>>> print(open('target.cif').read())   # mmCIF, C-alpha atoms and all ligand atoms
data_query
#
loop_
_atom_site.label_atom_id
_atom_site.label_comp_id
_atom_site.auth_asym_id
_atom_site.auth_seq_id
_atom_site.Cartn_x
_atom_site.Cartn_y
_atom_site.Cartn_z
CA MET A 1 5.39 0.38 -17.79
CA GLN A 2 4.41 3.93 -18.68
CA SER A 3 0.78 2.87 -18.12
CA ILE A 4 1.61 2.12 -14.48
CA GLY A 5 2.71 5.75 -14.07
CA HIS A 6 -0.53 6.84 -15.80
CA LEU A 7 -2.58 4.73 -13.37
CA PHE A 8 -0.85 6.23 -10.32
CA ALA A 9 -1.37 9.73 -11.75
CA ALA A 10 -5.02 9.13 -12.69
CA SER A 11 -5.84 7.78 -9.25
CA LEU A 12 -4.29 10.80 -7.51
CA GLN A 13 -5.87 13.25 -9.96
CA ASN A 14 -9.28 11.85 -8.98
CA GLY A 15 -8.60 12.01 -5.24
CA GLY A 16 -7.95 8.26 -5.04
CA PRO A 17 -5.20 6.41 -3.21
CA GLY A 18 -1.55 6.41 -4.27
CA PRO A 19 0.39 3.16 -4.63
CA GLY A 20 1.65 3.16 -1.01
CA PHE A 21 4.10 0.32 -1.70
CA LEU A 22 7.12 1.88 -3.39
CA ALA A 23 10.55 1.45 -1.82
CA PRO A 24 11.75 4.86 -0.54
CA TRP A 25 14.65 4.94 -3.01
CA VAL A 26 12.26 4.26 -5.91
CA TYR A 27 10.14 7.20 -4.77
CA ARG A 28 13.21 9.45 -4.63
CA TYR A 29 14.32 8.26 -8.08
CA LEU A 30 10.92 8.82 -9.71
CA PHE A 31 10.69 12.40 -8.48
CA GLY A 32 14.30 13.47 -8.07
CA GLY A 33 16.46 11.25 -10.24
CA MET A 34 19.72 9.52 -9.37
CA GLU A 35 21.07 12.51 -7.43
CA LYS A 36 18.35 12.16 -4.77
CA VAL A 37 18.85 8.39 -4.55
CA LEU A 38 22.60 8.67 -3.95
CA LYS A 39 22.19 11.25 -1.19
CA LEU A 40 20.65 8.68 1.14
CA LEU A 41 22.56 5.43 0.94
CA PRO A 42 21.29 2.61 3.19
CA GLU A 43 23.46 1.22 6.01
CA LYS A 44 23.48 -2.23 4.44
CA LEU A 45 22.29 -4.12 1.38
CA GLU A 46 20.24 -7.32 1.31
CA SER A 47 22.54 -10.19 2.20
CA SER A 48 21.63 -12.07 -0.99
CA LEU A 49 23.20 -9.34 -3.14
CA GLN A 50 26.73 -9.60 -4.44
CA PHE A 51 29.19 -7.42 -2.48
CA SER A 52 26.69 -6.79 0.35
CA ASP A 53 29.34 -7.74 2.97
CA LEU A 54 31.90 -5.37 1.60
CA TYR A 55 29.29 -2.62 1.25
CA THR A 56 28.34 -2.90 4.94
CA LYS A 57 31.97 -2.86 6.09
CA LEU A 58 32.78 0.10 3.88
CA LYS A 59 29.70 2.00 5.05
CA LYS A 60 30.88 1.64 8.65
CA ALA A 61 34.47 2.67 7.86
CA ASP A 62 35.16 6.11 9.30
CA ASN A 63 38.87 6.60 8.56
CA CYS A 64 41.16 6.35 5.52
CA GLY A 65 43.17 3.44 7.00
CA THR A 66 40.09 1.19 7.25
CA VAL A 67 38.90 2.23 3.77
CA ILE A 68 42.27 1.31 2.25
CA GLU A 69 42.35 -1.99 4.15
CA ILE A 70 38.91 -2.94 2.80
CA LEU A 71 39.58 -1.84 -0.77
CA THR A 72 42.95 -3.58 -1.00
CA SER A 73 41.54 -6.93 0.19
CA ASP A 74 40.81 -9.66 -2.38
CA MET A 75 37.11 -8.88 -2.31
CA GLY A 76 37.92 -5.17 -2.51
CA TYR A 77 39.78 -5.68 -5.78
CA ASP A 78 36.89 -7.80 -7.14
CA VAL A 79 34.42 -5.04 -6.31
CA LEU A 80 36.57 -2.29 -7.81
CA GLU A 81 37.00 -4.27 -11.00
CA SER A 82 33.30 -4.95 -11.21
CA ILE A 83 32.33 -1.28 -10.85
CA GLY A 84 35.14 -0.07 -13.10
CA TYR A 85 36.89 2.02 -10.42
CA ARG A 86 39.86 3.93 -11.83
CA GLY A 87 41.44 5.33 -8.65
CA ILE A 88 44.33 3.84 -6.71
CA PRO A 89 42.96 1.72 -3.82
CA SER A 90 46.06 2.13 -1.67
CA LYS A 91 45.56 5.91 -1.73
CA ALA A 92 41.79 5.91 -1.17
CA ASN A 93 40.21 8.48 1.16
CA LEU A 94 36.72 9.00 2.63
CA LYS A 95 35.49 10.76 -0.51
CA ASN A 96 36.53 7.71 -2.57
CA ARG A 97 34.71 5.52 -0.03
CA THR A 98 31.45 7.37 -0.82
CA GLU A 99 32.06 7.04 -4.57
CA VAL A 100 32.62 3.28 -4.25
CA LEU A 101 29.53 2.86 -2.07
CA GLN A 102 27.44 4.80 -4.60
CA SER A 103 28.77 2.68 -7.47
CA ILE A 104 28.02 -0.58 -5.66
CA TYR A 105 24.53 0.66 -4.83
CA ILE A 106 23.83 1.71 -8.41
CA LYS A 107 25.15 -1.55 -9.87
CA SER A 108 23.36 -3.85 -7.41
CA ILE A 109 20.06 -2.08 -6.78
CA VAL A 110 19.33 0.78 -9.12
CA GLU A 111 20.73 -0.11 -12.54
CA PRO A 112 18.68 -3.30 -13.17
CA LEU A 113 15.46 -1.34 -12.61
CA LEU A 114 16.25 1.86 -14.46
CA PRO A 115 14.41 1.16 -17.77
CA PRO A 116 11.03 0.34 -16.11
CA LEU A 117 11.40 3.16 -13.58
CA ASP A 118 12.11 5.71 -16.33
CA SER A 119 8.92 4.58 -18.10
CA ILE A 120 6.88 4.89 -14.90
CA ALA A 121 8.38 8.36 -14.30
CA ASN A 122 7.23 9.37 -17.79
CA GLY A 123 3.71 8.14 -17.07
CA LEU A 124 3.64 10.17 -13.86
CA LYS A 125 4.00 13.39 -15.85
CA CYS A 126 0.33 12.93 -16.75
CA TYR A 127 -1.94 15.68 -15.30
CA GLY A 128 1.21 17.47 -14.07
CA ILE A 129 1.39 15.07 -11.10
CA SER A 130 5.22 14.89 -11.21
CA LYS A 131 5.64 18.63 -10.82
CA VAL A 132 3.26 18.79 -7.86
CA VAL A 133 4.91 15.85 -6.09
CA MET A 134 8.39 17.31 -6.67
CA ARG A 135 7.25 20.55 -5.05
CA TYR A 136 5.85 18.76 -1.99
CA ILE A 137 8.18 15.76 -1.98
CA GLU A 138 8.08 15.18 1.81
CA ASP A 139 4.28 15.49 2.03
CA PHE A 140 3.68 12.98 -0.75
CA TYR A 141 5.99 10.35 0.73
CA THR A 142 3.13 8.69 2.62
CA VAL A 143 1.06 8.52 -0.58
CA PHE A 144 3.68 6.52 -2.49
CA CYS A 145 5.55 4.55 0.19
CA PRO A 146 4.23 2.28 2.96
CA SER A 147 2.78 4.33 5.80
CA PRO A 148 0.19 3.74 8.52
CA LEU A 149 -1.27 7.20 7.85
CA PHE A 150 -3.98 6.01 5.44
CA LYS A 151 -4.89 2.83 7.24
CA TRP A 152 -8.49 2.56 8.30
CA ASP A 153 -9.10 2.38 12.00
CA PHE A 154 -12.33 1.43 13.68
CA GLU A 155 -13.15 4.97 14.88
CA LYS A 156 -12.76 6.48 11.40
CA PHE A 157 -14.82 3.66 9.91
CA PHE A 158 -17.62 3.81 12.48
CA GLY A 159 -17.75 7.61 12.19
CA ILE A 160 -18.77 7.53 8.52
CA LEU A 161 -21.41 4.77 8.69
CA SER A 162 -24.82 6.00 7.78
CA PRO A 163 -27.50 3.32 8.32
CA VAL A 164 -30.86 3.80 6.61
CA PHE A 165 -33.48 2.46 9.01
CA SER A 166 -37.19 1.93 8.40
CA GLU A 167 -39.75 3.95 10.32
CA ASN A 168 -39.14 3.96 14.05
CA GLY A 169 -41.35 1.47 15.92
CA SER A 170 -41.95 -0.79 12.91
CA THR A 171 -41.05 -4.53 12.90
CA ASN A 172 -38.59 -3.88 10.11
CA HIS A 173 -36.87 -1.20 12.20
CA ALA A 174 -36.34 -3.55 15.14
CA LEU A 175 -34.89 -6.22 12.84
CA GLU A 176 -32.61 -3.70 11.12
CA ILE A 177 -31.25 -2.50 14.48
CA THR A 178 -30.29 -6.09 15.33
CA VAL A 179 -28.62 -6.64 11.94
CA TYR A 180 -26.75 -3.34 12.18
CA LYS A 181 -25.51 -4.14 15.68
CA HIS A 182 -24.11 -7.46 14.51
CA PHE A 183 -22.52 -5.81 11.48
CA VAL A 184 -20.73 -3.29 13.72
CA ASP A 185 -19.59 -6.17 16.00
CA PHE A 186 -18.28 -7.95 12.90
CA ALA A 187 -16.34 -4.83 11.80
CA GLU A 188 -14.89 -4.54 15.31
CA LEU A 189 -13.57 -8.10 15.04
CA CYS A 190 -12.01 -7.24 11.65
CA TYR A 191 -10.08 -4.39 13.22
CA PHE A 192 -9.22 -5.58 16.71
CA ASP A 193 -8.78 -9.35 16.29
CA ASP A 194 -5.46 -9.98 14.50
CA ALA A 195 -6.34 -13.64 13.96
CA PHE A 196 -9.70 -12.85 12.30
CA PRO A 197 -9.77 -13.95 8.63
CA VAL A 198 -10.93 -10.55 7.33
CA THR A 199 -9.17 -7.23 8.07
CA LEU A 200 -10.88 -3.86 8.19
CA GLY A 201 -8.86 -2.94 5.06
CA GLN A 202 -10.37 -5.92 3.21
CA LEU A 203 -13.86 -4.99 4.37
CA MET A 204 -13.30 -1.42 3.16
CA LYS A 205 -12.01 -2.69 -0.17
CA PHE A 206 -15.25 -4.64 -0.52
CA VAL A 207 -17.33 -1.54 0.25
CA THR A 208 -15.33 1.28 -1.36
CA GLY A 209 -12.92 -0.44 -3.78
CA SER A 210 -9.89 0.83 -1.82
CA PRO A 211 -8.29 -0.96 1.15
CA SER A 212 -6.83 2.33 2.43
CA LEU A 213 -8.28 5.72 3.15
CA PRO A 214 -8.01 7.85 -0.03
CA PRO A 215 -5.72 10.87 0.56
CA LEU A 216 -8.64 13.28 0.06
CA GLY A 217 -11.01 11.13 2.15
CA LEU A 218 -14.20 9.55 0.84
CA PRO A 219 -16.57 11.90 -0.99
CA LYS A 220 -19.34 10.84 1.41
CA GLY A 221 -20.09 8.38 4.17
CA ILE A 222 -20.97 4.72 3.78
CA THR A 223 -24.69 4.12 3.44
CA VAL A 224 -25.83 0.89 5.07
CA GLU A 225 -29.11 -0.37 3.61
CA PHE A 226 -31.14 -3.37 4.71
CA VAL A 227 -32.64 -5.82 2.22
CA HIS A 228 -36.08 -7.24 3.08
CA GLY A 229 -38.29 -9.68 1.20
CA CYS A 230 -35.95 -12.60 0.49
CA GLN A 231 -38.01 -15.71 -0.24
CA ASP A 232 -37.34 -19.11 1.28
CA LEU A 233 -35.81 -21.56 -1.20
CA LYS A 234 -37.94 -24.27 -2.90
CA ASN A 235 -36.48 -26.99 -0.70
CA GLY A 236 -37.67 -25.06 2.37
CA MET A 237 -34.18 -23.76 3.23
CA LYS A 238 -33.82 -20.14 4.28
CA CYS A 239 -32.36 -17.69 1.77
CA LYS A 240 -28.57 -17.50 1.99
CA CYS A 241 -27.87 -14.50 -0.22
CA LEU A 242 -24.79 -12.48 0.69
CA PRO A 243 -24.24 -8.81 1.50
CA SER A 244 -23.40 -6.70 -1.54
CA ALA A 245 -21.74 -3.35 -2.09
CA SER A 246 -21.89 -0.56 -4.62
CA THR A 247 -18.43 1.00 -4.71
CA CYS A 248 -19.66 3.97 -6.81
CA ALA A 249 -22.52 4.91 -4.52
CA ILE A 250 -20.48 3.72 -1.51
CA ALA A 251 -23.42 1.72 -0.22
CA LEU A 252 -23.56 -1.58 1.57
CA LYS A 253 -26.67 -3.76 1.38
CA ILE A 254 -27.19 -6.37 4.09
CA PRO A 255 -30.06 -8.89 3.84
CA VAL A 256 -31.98 -8.90 7.12
CA HIS A 257 -31.88 -12.71 7.37
CA ILE A 258 -28.25 -12.23 8.41
CA ALA A 259 -29.45 -11.51 11.92
CA ASP A 260 -26.87 -13.05 14.26
CA ILE A 261 -23.13 -12.69 14.63
CA ASP A 262 -22.28 -16.15 13.31
CA SER A 263 -24.18 -15.71 10.03
CA MET A 264 -22.80 -12.16 9.80
CA LYS A 265 -19.23 -13.52 9.99
CA GLU A 266 -19.95 -16.40 7.60
CA SER A 267 -21.68 -14.18 5.00
CA PHE A 268 -19.13 -11.37 5.01
CA ILE A 269 -16.12 -13.70 4.94
CA LEU A 270 -17.64 -15.35 1.86
CA ALA A 271 -18.66 -12.06 0.22
CA VAL A 272 -15.31 -10.33 0.82
CA ASN A 273 -13.34 -13.28 -0.52
CA CYS A 274 -15.57 -13.76 -3.56
CA GLU A 275 -15.64 -10.21 -4.87
CA PRO A 276 -13.23 -9.71 -7.79
CA GLY A 277 -12.20 -6.18 -6.73
CA PHE A 278 -10.03 -3.89 -8.83
CA GLY A 279 -6.74 -5.59 -8.04
CA CYS A 280 -6.18 -7.27 -11.40
CA VAL A 281 -5.82 -4.64 -14.09
ZN ZN B 1 -31.62 -13.31 0.92
#
>>> encode(input="target.cif", output="structure tokens", more="lines below")
Ligand SMILES: [Zn+2]
Amino acid sequence: MQSIGHLFAASLQNGGPGPGFLAPWVYRYLFGGMEKVLKLLPEKLESSLQFSDLYTKLKKADNCGTVIEILTSDMGYDVLESIGYRGIPSKANLKNRTEVLQSIYIKSIVEPLLPPLDSIANGLKCYGISKVVMRYIEDFYTVFCPSPLFKWDFEKFFGILSPVFSENGSTNHALEITVYKHFVDFAELCYFDDAFPVTLGQLMKFVTGSPSLPPLGLPKGITVEFVHGCQDLKNGMKCKCLPSASTCAIALKIPVHIADIDSMKESFILAVNCEPGFGCV
């Protein structure tokens, strides 16, 4: 588990993306401990969890009478026994309500995950990442938890494309312009058509290795190169080779026989789905 923390830290240290998938309470625990987690209790717990009904009722209770009524019910006694509460339920006040809520939350959500989270927190000390995140805890939220901030959009993507065309006026140049136009149309579909089988994030993962925009941006734009000279196959069929990408050089190579929108879609859908990526570590 500590290695997971190392991986997060190493990615950030090198200007790469953060995990972007942590639950907010996990983020607060990793960089602030239990105290930070208990400061922001959720309004309700997942309905599948034990005591979620009582938790929700208790969270809504705003006077001592309601708190006592809830805690002295059958389920109230079950909960208090389960969390080892030592107070007297019939004399409970709003402060006790918060203590009970915190105990239920710890027992149901936090406690089962503490050992792996502590290991991840240790790994995050690598390169001094923990200290920096603690100092700028609000700013780093979007790096660790889901956020639309680092999602690619079409404008950002189009703005960093850098096609390498042959000499102006040549036959190759004219062909490359056509291929490039269809590639841009394909990328537009990825972004704007929700039903399209490839998203812009998947296309960017194919090209750069990361489905989201790295927090420090890409070191340079995306070079789009055009591959000429494919030979027809022995059986007389046209070459069907696929586009390829170099994630280190951030370069995309598109064979010029992919010269209409249908073959562009077919080739990229195949290429994007076939590439192994860096997802399985
Ligand atoms: Zn080819």
>>> residues_near_ligand(input="target.cif", ligand="ligand ZN 1 (chain B)", cutoff="6 Å", atoms="all atoms listed in the file", output="compact mmCIF listing (two decimals) with C-alpha atoms, keeping the file's coordinate frame")
# COMPACT_ATOMS: atom_id res chain seq x y z
CA CYS A 230 -35.95 -12.60 0.49
CA CYS A 239 -32.36 -17.69 1.77
CA LYS A 240 -28.57 -17.50 1.99
CA CYS A 241 -27.87 -14.50 -0.22
CA PRO A 255 -30.06 -8.89 3.84
>>> closest_residue(input="target.cif", among="A:Thr223, A:Asp193, A:Ala174, A:Thr208", to="Gly159 (chain A)", atoms="only C-alpha atoms")
A:Thr223
>>> closest_residue(input="target.cif", among="A:Met264, A:Asn168, A:Arg97, A:Leu124", to="Phe144 (chain A)", atoms="only C-alpha atoms")
A:Leu124
>>> axis_aligned_box(input="target.cif", around="region 82-100 of chain A", padding_each_side="3 Å", output="JSON")
{"center_x": 38.8, "center_y": 2.9, "center_z": -5.2, "size_x": 20.6, "size_y": 21.7, "size_z": 21.7}
>>> atom_distance(input="target.cif", atom1="CA of Gln102 (chain A)", atom2="CA of Asp118 (chain A)")
19.3 Å
>>> residues_around(input="target.cif", residues="Ser130 (chain A)", least_positions_apart="6", cutoff="12 Å", atoms="only C-alpha atoms", output="VMD selection string")
chain A and resid 5 to 6 8 to 10 12 to 13 27 to 33 120 to 124 136 to 137 140
>>> residues_around(input="target.cif", residues="Ser119 (chain A)", least_positions_apart="6", cutoff="9 Å", atoms="only C-alpha atoms", output="NGL selection string")
:A and (1-5)
>>> atom_distance(input="target.cif", atom1="CA of Thr98 (chain A)", atom2="CA of Gly76 (chain A)")
14.2 Å
>>> closest_residue(input="target.cif", among="A:Leu94, A:Val132, A:Ile222, A:Leu40", to="Val67 (chain A)", atoms="all atoms listed in the file")
A:Leu94
>>> residues_around(input="target.cif", residues="Gly221 (chain A)", least_positions_apart="5", cutoff="9 Å", atoms="only C-alpha atoms", output="ChimeraX atom specification")
/A:159-162,250-251
>>> atom_distance(input="target.cif", atom1="CA of Cys64 (chain A)", atom2="CA of Asp78 (chain A)")
19.5 Å
>>> residues_around(input="target.cif", residues="Lys238 (chain A)", least_positions_apart="3", cutoff="12 Å", atoms="all atoms listed in the file", output="VMD selection string")
chain A and resid 229 to 235 241 255 to 258
>>> closest_residue(input="target.cif", among="A:Gly169, A:Asp260, A:Leu49, A:Met204", to="Asp185 (chain A)", atoms="all atoms listed in the file")
A:Asp260
>>> closest_residue(input="target.cif", among="A:Gly15, A:Ile129, A:Ala61, A:Leu252", to="Asn96 (chain A)", atoms="all atoms listed in the file")
A:Ala61
>>> residues_near_point(input="target.cif", point="(50.9, 5.5, 0.7)", cutoff="12 Å", atoms="all atoms listed in the file", output="list in words")
Cys64, Gly65, Ile68, Glu69, Ile88, Pro89, Ser90, Lys91, Ala92 and Asn93 of chain A
>>> closest_residue(input="target.cif", among="A:Asn273, A:Gln50, A:Asn63, A:Ser108", to="Gln202 (chain A)", atoms="all atoms listed in the file")
A:Asn273
>>> residues_near_point(input="target.cif", point="(26.3, 4.6, -6.9)", cutoff="12 Å", atoms="only C-alpha atoms", output="ChimeraX atom specification")
/A:34-42,55,83-85,96-111
>>> residues_around(input="target.cif", residues="Lys253 (chain A)", least_positions_apart="2", cutoff="7 Å", atoms="all atoms listed in the file", output="PyMOL selection string")
chain A and resi 224-227+243-245+251+255
>>> decode(input="target.cif", residues="region 63-103 of chain A", atoms="N, CA and C atoms", output="mmCIF file, in the first residue's frame")
data_model
loop_
_atom_site.group_PDB
_atom_site.id
_atom_site.type_symbol
_atom_site.label_atom_id
_atom_site.label_comp_id
_atom_site.auth_asym_id
_atom_site.auth_seq_id
_atom_site.Cartn_x
_atom_site.Cartn_y
_atom_site.Cartn_z
ATOM 1 N N ASN A 63 -32.460 19.339 18.476
ATOM 2 C CA ASN A 63 -32.728 19.681 19.885
ATOM 3 C C ASN A 63 -32.533 18.435 20.754
ATOM 4 N N CYS A 64 -32.306 18.684 22.057
ATOM 5 C CA CYS A 64 -31.969 17.573 22.967
ATOM 6 C C CYS A 64 -33.082 16.534 23.030
ATOM 7 N N GLY A 65 -34.365 16.989 22.992
ATOM 8 C CA GLY A 65 -35.497 16.068 23.082
ATOM 9 C C GLY A 65 -35.444 15.019 21.981
ATOM 10 N N THR A 66 -35.211 15.463 20.731
ATOM 11 C CA THR A 66 -35.158 14.528 19.602
ATOM 12 C C THR A 66 -33.950 13.593 19.741
ATOM 13 N N VAL A 67 -32.829 14.137 20.190
ATOM 14 C CA VAL A 67 -31.619 13.307 20.353
ATOM 15 C C VAL A 67 -31.899 12.181 21.351
ATOM 16 N N ILE A 68 -32.519 12.551 22.479
ATOM 17 C CA ILE A 68 -32.807 11.543 23.515
ATOM 18 C C ILE A 68 -33.779 10.492 22.974
ATOM 19 N N GLU A 69 -34.802 10.975 22.252
ATOM 20 C CA GLU A 69 -35.802 10.055 21.687
ATOM 21 C C GLU A 69 -35.124 9.033 20.766
ATOM 22 N N ILE A 70 -34.214 9.511 19.929
ATOM 23 C CA ILE A 70 -33.529 8.596 18.989
ATOM 24 C C ILE A 70 -32.617 7.622 19.741
ATOM 25 N N LEU A 71 -31.862 8.156 20.690
ATOM 26 C CA LEU A 71 -30.876 7.304 21.373
ATOM 27 C C LEU A 71 -31.511 6.307 22.338
ATOM 28 N N THR A 72 -32.725 6.602 22.792
ATOM 29 C CA THR A 72 -33.364 5.664 23.728
ATOM 30 C C THR A 72 -34.308 4.690 23.005
ATOM 31 N N SER A 73 -34.315 4.752 21.664
ATOM 32 C CA SER A 73 -35.100 3.758 20.908
ATOM 33 C C SER A 73 -34.330 2.434 20.897
ATOM 34 N N ASP A 74 -34.979 1.369 20.438
ATOM 35 C CA ASP A 74 -34.303 0.058 20.398
ATOM 36 C C ASP A 74 -33.032 0.135 19.561
ATOM 37 N N MET A 75 -33.192 0.760 18.366
ATOM 38 C CA MET A 75 -32.015 0.844 17.494
ATOM 39 C C MET A 75 -30.951 1.731 18.127
ATOM 40 N N GLY A 76 -31.397 2.762 18.853
ATOM 41 C CA GLY A 76 -30.456 3.658 19.528
ATOM 42 C C GLY A 76 -29.582 2.878 20.501
ATOM 43 N N TYR A 77 -30.217 2.007 21.302
ATOM 44 C CA TYR A 77 -29.439 1.217 22.256
ATOM 45 C C TYR A 77 -28.464 0.282 21.529
ATOM 46 N N ASP A 78 -28.929 -0.308 20.409
ATOM 47 C CA ASP A 78 -28.033 -1.190 19.630
ATOM 48 C C ASP A 78 -26.793 -0.433 19.163
ATOM 49 N N VAL A 79 -27.036 0.778 18.649
ATOM 50 C CA VAL A 79 -25.922 1.593 18.141
ATOM 51 C C VAL A 79 -24.971 1.927 19.278
ATOM 52 N N LEU A 80 -25.519 2.378 20.394
ATOM 53 C CA LEU A 80 -24.666 2.807 21.509
ATOM 54 C C LEU A 80 -23.829 1.643 22.040
ATOM 55 N N GLU A 81 -24.427 0.467 22.030
ATOM 56 C CA GLU A 81 -23.675 -0.707 22.494
ATOM 57 C C GLU A 81 -22.554 -1.015 21.512
ATOM 58 N N SER A 82 -22.900 -0.915 20.230
ATOM 59 C CA SER A 82 -21.921 -1.250 19.197
ATOM 60 C C SER A 82 -20.722 -0.301 19.209
ATOM 61 N N ILE A 83 -20.965 0.972 19.499
ATOM 62 C CA ILE A 83 -19.833 1.929 19.487
ATOM 63 C C ILE A 83 -19.195 2.075 20.870
ATOM 64 N N GLY A 84 -19.749 1.385 21.851
ATOM 65 C CA GLY A 84 -19.164 1.439 23.198
ATOM 66 C C GLY A 84 -19.391 2.769 23.885
ATOM 67 N N TYR A 85 -20.576 3.364 23.691
ATOM 68 C CA TYR A 85 -20.890 4.667 24.309
ATOM 69 C C TYR A 85 -21.091 4.504 25.805
ATOM 70 N N ARG A 86 -20.479 5.408 26.597
ATOM 71 C CA ARG A 86 -20.545 5.234 28.051
ATOM 72 C C ARG A 86 -21.438 6.256 28.741
ATOM 73 N N GLY A 87 -22.021 7.188 27.970
ATOM 74 C CA GLY A 87 -22.872 8.211 28.584
ATOM 75 C C GLY A 87 -24.253 7.655 28.908
ATOM 76 N N ILE A 88 -25.104 8.522 29.423
ATOM 77 C CA ILE A 88 -26.475 8.095 29.748
ATOM 78 C C ILE A 88 -27.402 8.629 28.652
ATOM 79 N N PRO A 89 -27.994 7.737 27.843
ATOM 80 C CA PRO A 89 -28.793 8.185 26.692
ATOM 81 C C PRO A 89 -29.942 9.115 27.072
ATOM 82 N N SER A 90 -30.543 8.877 28.227
ATOM 83 C CA SER A 90 -31.704 9.704 28.594
ATOM 84 C C SER A 90 -31.296 11.117 29.017
ATOM 85 N N LYS A 91 -29.986 11.347 29.123
ATOM 86 C CA LYS A 91 -29.520 12.703 29.490
ATOM 87 C C LYS A 91 -28.666 13.297 28.369
ATOM 88 N N ALA A 92 -28.789 12.729 27.170
ATOM 89 C CA ALA A 92 -27.914 13.170 26.060
ATOM 90 C C ALA A 92 -28.237 14.602 25.630
ATOM 91 N N ASN A 93 -27.205 15.316 25.183
ATOM 92 C CA ASN A 93 -27.403 16.677 24.658
ATOM 93 C C ASN A 93 -26.810 16.763 23.246
ATOM 94 N N LEU A 94 -26.776 17.961 22.673
ATOM 95 C CA LEU A 94 -26.317 18.097 21.281
ATOM 96 C C LEU A 94 -24.832 17.764 21.116
ATOM 97 N N LYS A 95 -24.057 17.989 22.173
ATOM 98 C CA LYS A 95 -22.628 17.646 22.106
ATOM 99 C C LYS A 95 -22.479 16.118 22.016
ATOM 100 N N ASN A 96 -23.314 15.409 22.827
ATOM 101 C CA ASN A 96 -23.276 13.937 22.784
ATOM 102 C C ASN A 96 -23.712 13.449 21.410
ATOM 103 N N ARG A 97 -24.678 14.148 20.810
ATOM 104 C CA ARG A 97 -25.152 13.785 19.457
ATOM 105 C C ARG A 97 -23.966 13.766 18.484
ATOM 106 N N THR A 98 -23.132 14.832 18.538
ATOM 107 C CA THR A 98 -21.971 14.900 17.644
ATOM 108 C C THR A 98 -21.003 13.752 17.927
ATOM 109 N N GLU A 99 -20.800 13.447 19.213
ATOM 110 C CA GLU A 99 -19.874 12.356 19.565
ATOM 111 C C GLU A 99 -20.375 11.017 19.006
ATOM 112 N N VAL A 100 -21.693 10.799 19.118
ATOM 113 C CA VAL A 100 -22.253 9.533 18.625
ATOM 114 C C VAL A 100 -22.126 9.469 17.099
ATOM 115 N N LEU A 101 -22.453 10.588 16.442
ATOM 116 C CA LEU A 101 -22.333 10.619 14.975
ATOM 117 C C LEU A 101 -20.894 10.311 14.549
ATOM 118 N N GLN A 102 -19.950 10.925 15.239
ATOM 119 C CA GLN A 102 -18.523 10.706 14.892
ATOM 120 C C GLN A 102 -18.146 9.244 15.088
ATOM 121 N N SER A 103 -18.639 8.651 16.186
ATOM 122 C CA SER A 103 -18.302 7.245 16.452
ATOM 123 C C SER A 103 -18.899 6.323 15.398
#
